[in-house]
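Coordinates from input_7.txt are shown below (compact mmCIF, N, CA and C atoms).
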```
# COMPACT_ATOMS: atom_id res chain seq x y z
N MET A 273 15.45 3.91 28.65
CA MET A 273 15.71 3.03 29.77
C MET A 273 14.46 2.21 30.07
N PRO A 274 14.63 0.95 30.40
CA PRO A 274 13.48 0.10 30.67
C PRO A 274 12.84 0.38 32.03
N ILE A 275 11.58 0.02 32.10
CA ILE A 275 10.82 0.13 33.36
C ILE A 275 10.71 -1.27 33.94
N TYR A 276 11.14 -1.42 35.19
CA TYR A 276 11.08 -2.71 35.86
C TYR A 276 10.00 -2.68 36.93
N GLU A 277 9.28 -3.79 37.06
CA GLU A 277 8.24 -3.91 38.08
C GLU A 277 8.80 -4.76 39.23
N TYR A 278 8.53 -4.28 40.45
CA TYR A 278 8.96 -4.99 41.66
C TYR A 278 7.76 -5.29 42.52
N ARG A 279 7.88 -6.36 43.32
CA ARG A 279 6.83 -6.73 44.28
C ARG A 279 7.50 -7.13 45.59
N CYS A 280 6.97 -6.57 46.69
CA CYS A 280 7.55 -6.91 47.99
C CYS A 280 6.79 -8.08 48.61
N GLU A 281 7.30 -8.56 49.73
CA GLU A 281 6.69 -9.70 50.42
C GLU A 281 5.32 -9.37 50.99
N LYS A 282 5.04 -8.10 51.24
CA LYS A 282 3.76 -7.68 51.81
C LYS A 282 2.70 -7.40 50.73
N GLY A 283 3.09 -7.51 49.44
CA GLY A 283 2.12 -7.36 48.36
C GLY A 283 2.15 -6.04 47.62
N HIS A 284 3.00 -5.12 48.03
CA HIS A 284 3.09 -3.85 47.31
C HIS A 284 3.76 -4.08 45.96
N THR A 285 3.28 -3.42 44.93
CA THR A 285 3.94 -3.46 43.63
C THR A 285 4.29 -2.03 43.23
N PHE A 286 5.44 -1.89 42.59
CA PHE A 286 5.87 -0.57 42.14
C PHE A 286 6.79 -0.74 40.95
N GLU A 287 6.91 0.32 40.18
CA GLU A 287 7.76 0.32 38.98
C GLU A 287 8.91 1.31 39.16
N VAL A 288 10.06 0.95 38.60
CA VAL A 288 11.25 1.79 38.70
C VAL A 288 11.91 1.83 37.32
N ILE A 289 12.28 3.04 36.90
CA ILE A 289 13.03 3.19 35.65
C ILE A 289 14.51 3.04 35.99
N GLN A 290 15.13 2.03 35.41
CA GLN A 290 16.54 1.74 35.68
C GLN A 290 17.27 1.40 34.39
N ARG A 291 18.57 1.59 34.42
CA ARG A 291 19.40 1.12 33.32
C ARG A 291 19.51 -0.39 33.41
N MET A 292 19.81 -1.00 32.30
CA MET A 292 19.96 -2.46 32.31
C MET A 292 21.18 -2.88 33.13
N SER A 293 22.16 -2.01 33.24
CA SER A 293 23.38 -2.33 33.98
C SER A 293 23.22 -2.10 35.49
N ASP A 294 22.15 -1.41 35.92
CA ASP A 294 21.94 -1.16 37.35
C ASP A 294 21.55 -2.45 38.06
N ASP A 295 21.92 -2.52 39.34
CA ASP A 295 21.53 -3.67 40.16
C ASP A 295 20.05 -3.59 40.52
N ALA A 296 19.44 -4.75 40.72
CA ALA A 296 18.04 -4.81 41.10
C ALA A 296 17.87 -4.27 42.53
N LEU A 297 16.71 -3.68 42.79
CA LEU A 297 16.43 -3.16 44.14
C LEU A 297 16.18 -4.33 45.09
N ASP A 298 16.52 -4.11 46.37
CA ASP A 298 16.34 -5.15 47.38
C ASP A 298 15.19 -4.85 48.32
N ALA A 299 14.80 -3.58 48.45
CA ALA A 299 13.79 -3.20 49.44
C ALA A 299 12.63 -2.49 48.77
N CYS A 300 11.45 -2.64 49.36
CA CYS A 300 10.24 -1.98 48.88
C CYS A 300 10.33 -0.48 49.13
N GLU A 301 9.83 0.33 48.19
CA GLU A 301 9.83 1.77 48.35
C GLU A 301 8.82 2.23 49.40
N VAL A 302 7.78 1.43 49.63
CA VAL A 302 6.70 1.82 50.55
C VAL A 302 7.00 1.38 51.98
N CYS A 303 7.34 0.10 52.18
CA CYS A 303 7.46 -0.43 53.55
C CYS A 303 8.85 -0.97 53.89
N GLU A 304 9.80 -0.86 52.98
CA GLU A 304 11.18 -1.31 53.19
C GLU A 304 11.32 -2.82 53.39
N ALA A 305 10.28 -3.59 53.06
CA ALA A 305 10.35 -5.06 53.13
C ALA A 305 11.16 -5.55 51.93
N PRO A 306 11.69 -6.76 51.99
CA PRO A 306 12.44 -7.31 50.85
C PRO A 306 11.56 -7.39 49.60
N ALA A 307 12.12 -6.98 48.46
CA ALA A 307 11.37 -6.96 47.20
C ALA A 307 12.16 -7.70 46.12
N SER A 308 11.43 -8.18 45.13
CA SER A 308 12.08 -8.86 44.01
C SER A 308 11.47 -8.38 42.69
N ARG A 309 12.25 -8.49 41.65
CA ARG A 309 11.80 -8.05 40.33
C ARG A 309 10.78 -9.04 39.78
N VAL A 310 9.71 -8.53 39.19
CA VAL A 310 8.67 -9.35 38.58
C VAL A 310 9.02 -9.51 37.10
N LEU A 311 9.08 -10.75 36.65
CA LEU A 311 9.41 -11.02 35.25
C LEU A 311 8.13 -11.26 34.45
N HIS A 312 8.06 -10.65 33.28
CA HIS A 312 6.93 -10.81 32.36
C HIS A 312 7.46 -11.34 31.03
N ALA A 313 6.57 -11.94 30.27
CA ALA A 313 6.95 -12.39 28.93
C ALA A 313 7.17 -11.17 28.05
N PRO A 314 8.22 -11.17 27.27
CA PRO A 314 8.48 -10.01 26.40
C PRO A 314 7.48 -9.94 25.26
N ALA A 315 7.20 -8.73 24.84
CA ALA A 315 6.32 -8.51 23.69
C ALA A 315 7.17 -8.59 22.43
N VAL A 316 6.96 -9.64 21.65
CA VAL A 316 7.76 -9.85 20.46
C VAL A 316 6.83 -9.92 19.26
N HIS A 317 7.20 -9.22 18.20
CA HIS A 317 6.41 -9.24 16.97
C HIS A 317 7.34 -9.66 15.84
N PHE A 318 7.14 -10.89 15.35
CA PHE A 318 7.98 -11.40 14.28
C PHE A 318 7.46 -10.90 12.94
N LYS A 319 8.36 -10.39 12.12
CA LYS A 319 8.00 -9.92 10.78
C LYS A 319 8.80 -10.70 9.75
N GLY A 320 8.25 -10.83 8.59
CA GLY A 320 8.93 -11.52 7.52
C GLY A 320 8.37 -12.91 7.32
N SER A 321 8.89 -13.61 6.34
CA SER A 321 8.38 -14.94 6.04
C SER A 321 9.02 -15.96 6.97
N GLY A 322 8.32 -17.05 7.18
CA GLY A 322 8.84 -18.13 7.99
C GLY A 322 8.36 -18.14 9.42
N PHE A 323 7.58 -17.14 9.84
CA PHE A 323 7.16 -17.08 11.23
C PHE A 323 5.70 -17.48 11.43
N TYR A 324 4.95 -17.61 10.36
CA TYR A 324 3.53 -17.93 10.49
C TYR A 324 3.33 -19.40 10.21
N ASN A 325 2.28 -19.99 10.78
CA ASN A 325 2.07 -21.42 10.56
C ASN A 325 1.69 -21.71 9.12
N THR A 326 1.27 -20.71 8.36
CA THR A 326 0.97 -20.92 6.95
C THR A 326 2.26 -21.02 6.13
N ASP A 327 3.37 -20.61 6.68
CA ASP A 327 4.64 -20.68 5.97
C ASP A 327 5.29 -22.06 6.08
N TYR A 328 4.83 -22.88 6.99
CA TYR A 328 5.41 -24.18 7.18
C TYR A 328 4.61 -25.21 6.42
N GLY A 329 5.30 -26.09 5.70
CA GLY A 329 4.61 -27.11 4.92
C GLY A 329 4.20 -28.28 5.78
N THR A 330 2.96 -28.65 5.69
CA THR A 330 2.46 -29.85 6.36
C THR A 330 1.66 -30.66 5.35
N LYS A 331 1.39 -31.89 5.67
CA LYS A 331 0.61 -32.73 4.77
C LYS A 331 -0.78 -32.15 4.57
N LYS A 332 -1.35 -31.63 5.63
CA LYS A 332 -2.69 -31.06 5.54
C LYS A 332 -2.69 -29.85 4.62
N ARG A 333 -1.72 -28.99 4.74
CA ARG A 333 -1.64 -27.79 3.90
C ARG A 333 -1.42 -28.19 2.43
N ALA A 334 -0.66 -29.23 2.19
CA ALA A 334 -0.44 -29.69 0.82
C ALA A 334 -1.76 -30.15 0.21
N ARG A 335 -2.59 -30.85 1.00
CA ARG A 335 -3.89 -31.30 0.50
C ARG A 335 -4.78 -30.10 0.21
N GLU A 336 -4.77 -29.11 1.11
CA GLU A 336 -5.60 -27.92 0.90
C GLU A 336 -5.15 -27.16 -0.35
N LYS A 337 -3.85 -27.07 -0.56
CA LYS A 337 -3.34 -26.36 -1.71
C LYS A 337 -3.71 -27.07 -3.00
N SER A 338 -3.57 -28.41 -3.03
CA SER A 338 -3.92 -29.15 -4.24
C SER A 338 -5.41 -29.05 -4.52
N ALA A 339 -6.24 -29.03 -3.49
CA ALA A 339 -7.68 -28.87 -3.69
C ALA A 339 -8.00 -27.49 -4.24
N ALA A 340 -7.32 -26.47 -3.75
CA ALA A 340 -7.54 -25.11 -4.24
C ALA A 340 -7.06 -24.97 -5.68
N ASP A 341 -5.94 -25.61 -6.03
CA ASP A 341 -5.44 -25.57 -7.41
C ASP A 341 -6.42 -26.26 -8.35
N GLY A 342 -6.99 -27.37 -7.90
CA GLY A 342 -7.98 -28.08 -8.72
C GLY A 342 -9.21 -27.24 -8.96
N ALA A 343 -9.64 -26.50 -7.95
CA ALA A 343 -10.81 -25.62 -8.10
C ALA A 343 -10.50 -24.48 -9.07
N LYS A 344 -9.29 -23.94 -9.02
CA LYS A 344 -8.90 -22.88 -9.95
C LYS A 344 -8.87 -23.38 -11.38
N ARG A 345 -8.37 -24.61 -11.57
CA ARG A 345 -8.32 -25.18 -12.92
C ARG A 345 -9.73 -25.38 -13.46
N ALA A 346 -10.66 -25.82 -12.61
CA ALA A 346 -12.04 -26.02 -13.05
C ALA A 346 -12.67 -24.68 -13.44
N GLU A 347 -12.39 -23.63 -12.69
CA GLU A 347 -12.92 -22.31 -13.02
C GLU A 347 -12.34 -21.80 -14.33
N THR A 348 -11.06 -22.06 -14.55
CA THR A 348 -10.40 -21.62 -15.77
C THR A 348 -11.00 -22.31 -16.99
N LYS A 349 -11.26 -23.61 -16.88
CA LYS A 349 -11.85 -24.35 -17.99
C LYS A 349 -13.26 -23.84 -18.29
N SER A 350 -14.07 -23.60 -17.29
CA SER A 350 -15.42 -23.10 -17.51
C SER A 350 -15.38 -21.65 -17.96
N GLY A 351 -14.38 -20.91 -17.56
CA GLY A 351 -14.23 -19.51 -17.97
C GLY A 351 -13.87 -19.39 -19.44
N ASP A 352 -13.09 -20.35 -20.01
CA ASP A 352 -12.72 -20.30 -21.42
C ASP A 352 -13.93 -20.50 -22.31
N GLY A 353 -14.83 -21.39 -21.93
CA GLY A 353 -16.03 -21.63 -22.71
C GLY A 353 -16.90 -20.39 -22.75
N GLY A 354 -16.98 -19.68 -21.66
CA GLY A 354 -17.76 -18.45 -21.61
C GLY A 354 -17.12 -17.37 -22.45
N ALA A 355 -15.80 -17.33 -22.50
CA ALA A 355 -15.11 -16.32 -23.28
C ALA A 355 -15.33 -16.57 -24.76
N ALA A 356 -15.37 -17.84 -25.17
CA ALA A 356 -15.58 -18.16 -26.57
C ALA A 356 -16.99 -17.75 -27.01
N SER A 357 -17.98 -17.96 -26.14
CA SER A 357 -19.34 -17.56 -26.50
C SER A 357 -19.47 -16.03 -26.51
N ASP A 358 -18.73 -15.35 -25.65
CA ASP A 358 -18.75 -13.89 -25.65
C ASP A 358 -18.09 -13.35 -26.92
N ALA A 359 -17.09 -14.04 -27.43
CA ALA A 359 -16.40 -13.60 -28.63
C ALA A 359 -17.33 -13.69 -29.84
N LYS A 360 -18.25 -14.64 -29.82
CA LYS A 360 -19.19 -14.79 -30.93
C LYS A 360 -20.23 -13.69 -30.95
N LYS A 361 -20.63 -13.20 -29.80
CA LYS A 361 -21.68 -12.19 -29.73
C LYS A 361 -21.31 -10.89 -30.43
N PRO A 362 -20.13 -10.30 -30.20
CA PRO A 362 -19.80 -9.07 -30.90
C PRO A 362 -19.73 -9.27 -32.41
N ALA A 363 -19.30 -10.45 -32.88
CA ALA A 363 -19.22 -10.69 -34.31
C ALA A 363 -20.62 -10.65 -34.93
N SER A 364 -21.63 -11.22 -34.24
CA SER A 364 -22.97 -11.21 -34.79
C SER A 364 -23.56 -9.79 -34.76
N ASP A 365 -23.21 -9.02 -33.72
CA ASP A 365 -23.68 -7.63 -33.66
C ASP A 365 -23.04 -6.80 -34.78
N GLY A 366 -21.75 -7.05 -35.01
CA GLY A 366 -21.02 -6.32 -36.04
C GLY A 366 -21.56 -6.66 -37.42
N GLY A 367 -21.96 -7.93 -37.62
CA GLY A 367 -22.51 -8.34 -38.91
C GLY A 367 -23.82 -7.64 -39.19
N GLY A 368 -24.62 -7.41 -38.17
CA GLY A 368 -25.89 -6.71 -38.33
C GLY A 368 -25.66 -5.27 -38.71
N LYS A 369 -24.65 -4.64 -38.18
CA LYS A 369 -24.35 -3.25 -38.50
C LYS A 369 -23.90 -3.12 -39.94
N LYS A 370 -23.12 -4.10 -40.41
CA LYS A 370 -22.65 -4.05 -41.79
C LYS A 370 -23.83 -4.20 -42.75
N ALA A 371 -24.77 -5.04 -42.38
CA ALA A 371 -25.94 -5.24 -43.24
C ALA A 371 -26.76 -3.96 -43.29
N ASP A 372 -26.88 -3.27 -42.16
CA ASP A 372 -27.63 -2.01 -42.12
C ASP A 372 -26.89 -0.96 -42.97
N ALA A 373 -25.56 -0.96 -42.89
CA ALA A 373 -24.77 -0.01 -43.65
C ALA A 373 -24.93 -0.26 -45.14
N GLY A 374 -25.04 -1.54 -45.51
CA GLY A 374 -25.20 -1.87 -46.92
C GLY A 374 -26.54 -1.39 -47.46
N LYS A 375 -27.58 -1.47 -46.65
CA LYS A 375 -28.91 -1.02 -47.06
C LYS A 375 -28.92 0.48 -47.26
N THR A 376 -28.22 1.18 -46.39
CA THR A 376 -28.18 2.63 -46.47
C THR A 376 -27.46 3.06 -47.74
N SER A 377 -26.35 2.39 -48.07
CA SER A 377 -25.59 2.77 -49.25
C SER A 377 -26.32 2.41 -50.54
N SER A 378 -27.10 1.32 -50.54
CA SER A 378 -27.84 0.94 -51.73
C SER A 378 -29.03 1.87 -51.98
N ALA A 379 -29.57 2.44 -50.89
CA ALA A 379 -30.71 3.37 -51.02
C ALA A 379 -30.24 4.70 -51.55
N ALA A 380 -29.02 5.05 -51.41
CA ALA A 380 -28.54 6.34 -51.84
C ALA A 380 -28.24 6.42 -53.29
```
With the file now loaded, output its structure as structure tokens.
Amino acid sequence: MPIYEYRCEKGHTFEVIQRMSDDALDACEVCEAPASRVLHAPAVHFKGSGFYNTDYGTKKRAREKSAADGAKRAETKSGDGGAASDAKKPASDGGGKKADAGKTSSAA
């Protein structure tokens, strides 16, 4: 059952647990003066896609996205060159091992 907050004309505030179908109170519990229900904004938590401002397309967001995609492409291009140079290093190390192995077998 929900808790409702009431305020009387003299400034007293109090809370009452009531069913949603019950009528609102008319009098203050403390001084019997006329009272009214205090309304507050409900606490709402939206979940799922479509509720955040990042989910809505705007011209500014499109520019930011295209700039981020361009930066990723630049990183990918520079990353491929580094991968090619890394691929060459193990081959040169492996060639040195084969040469050492050949010397060992010829000495035997």
Query - atom C of Ala315 in chain A to atom N of Glu301 in chain A, straight-line distance in Å - result: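 Distance between the two atoms: 27.4 Å.
Atom pair atom C of Ile275 in chain A / atom C of Val302 in chain A: separated by 18.6 Å.
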Requested in this report: Rounded to one decimal place, report the atom N of Ala296 in chain A-CA of Glu277 in chain A distance in Å.
Outcome: 11.5 Å
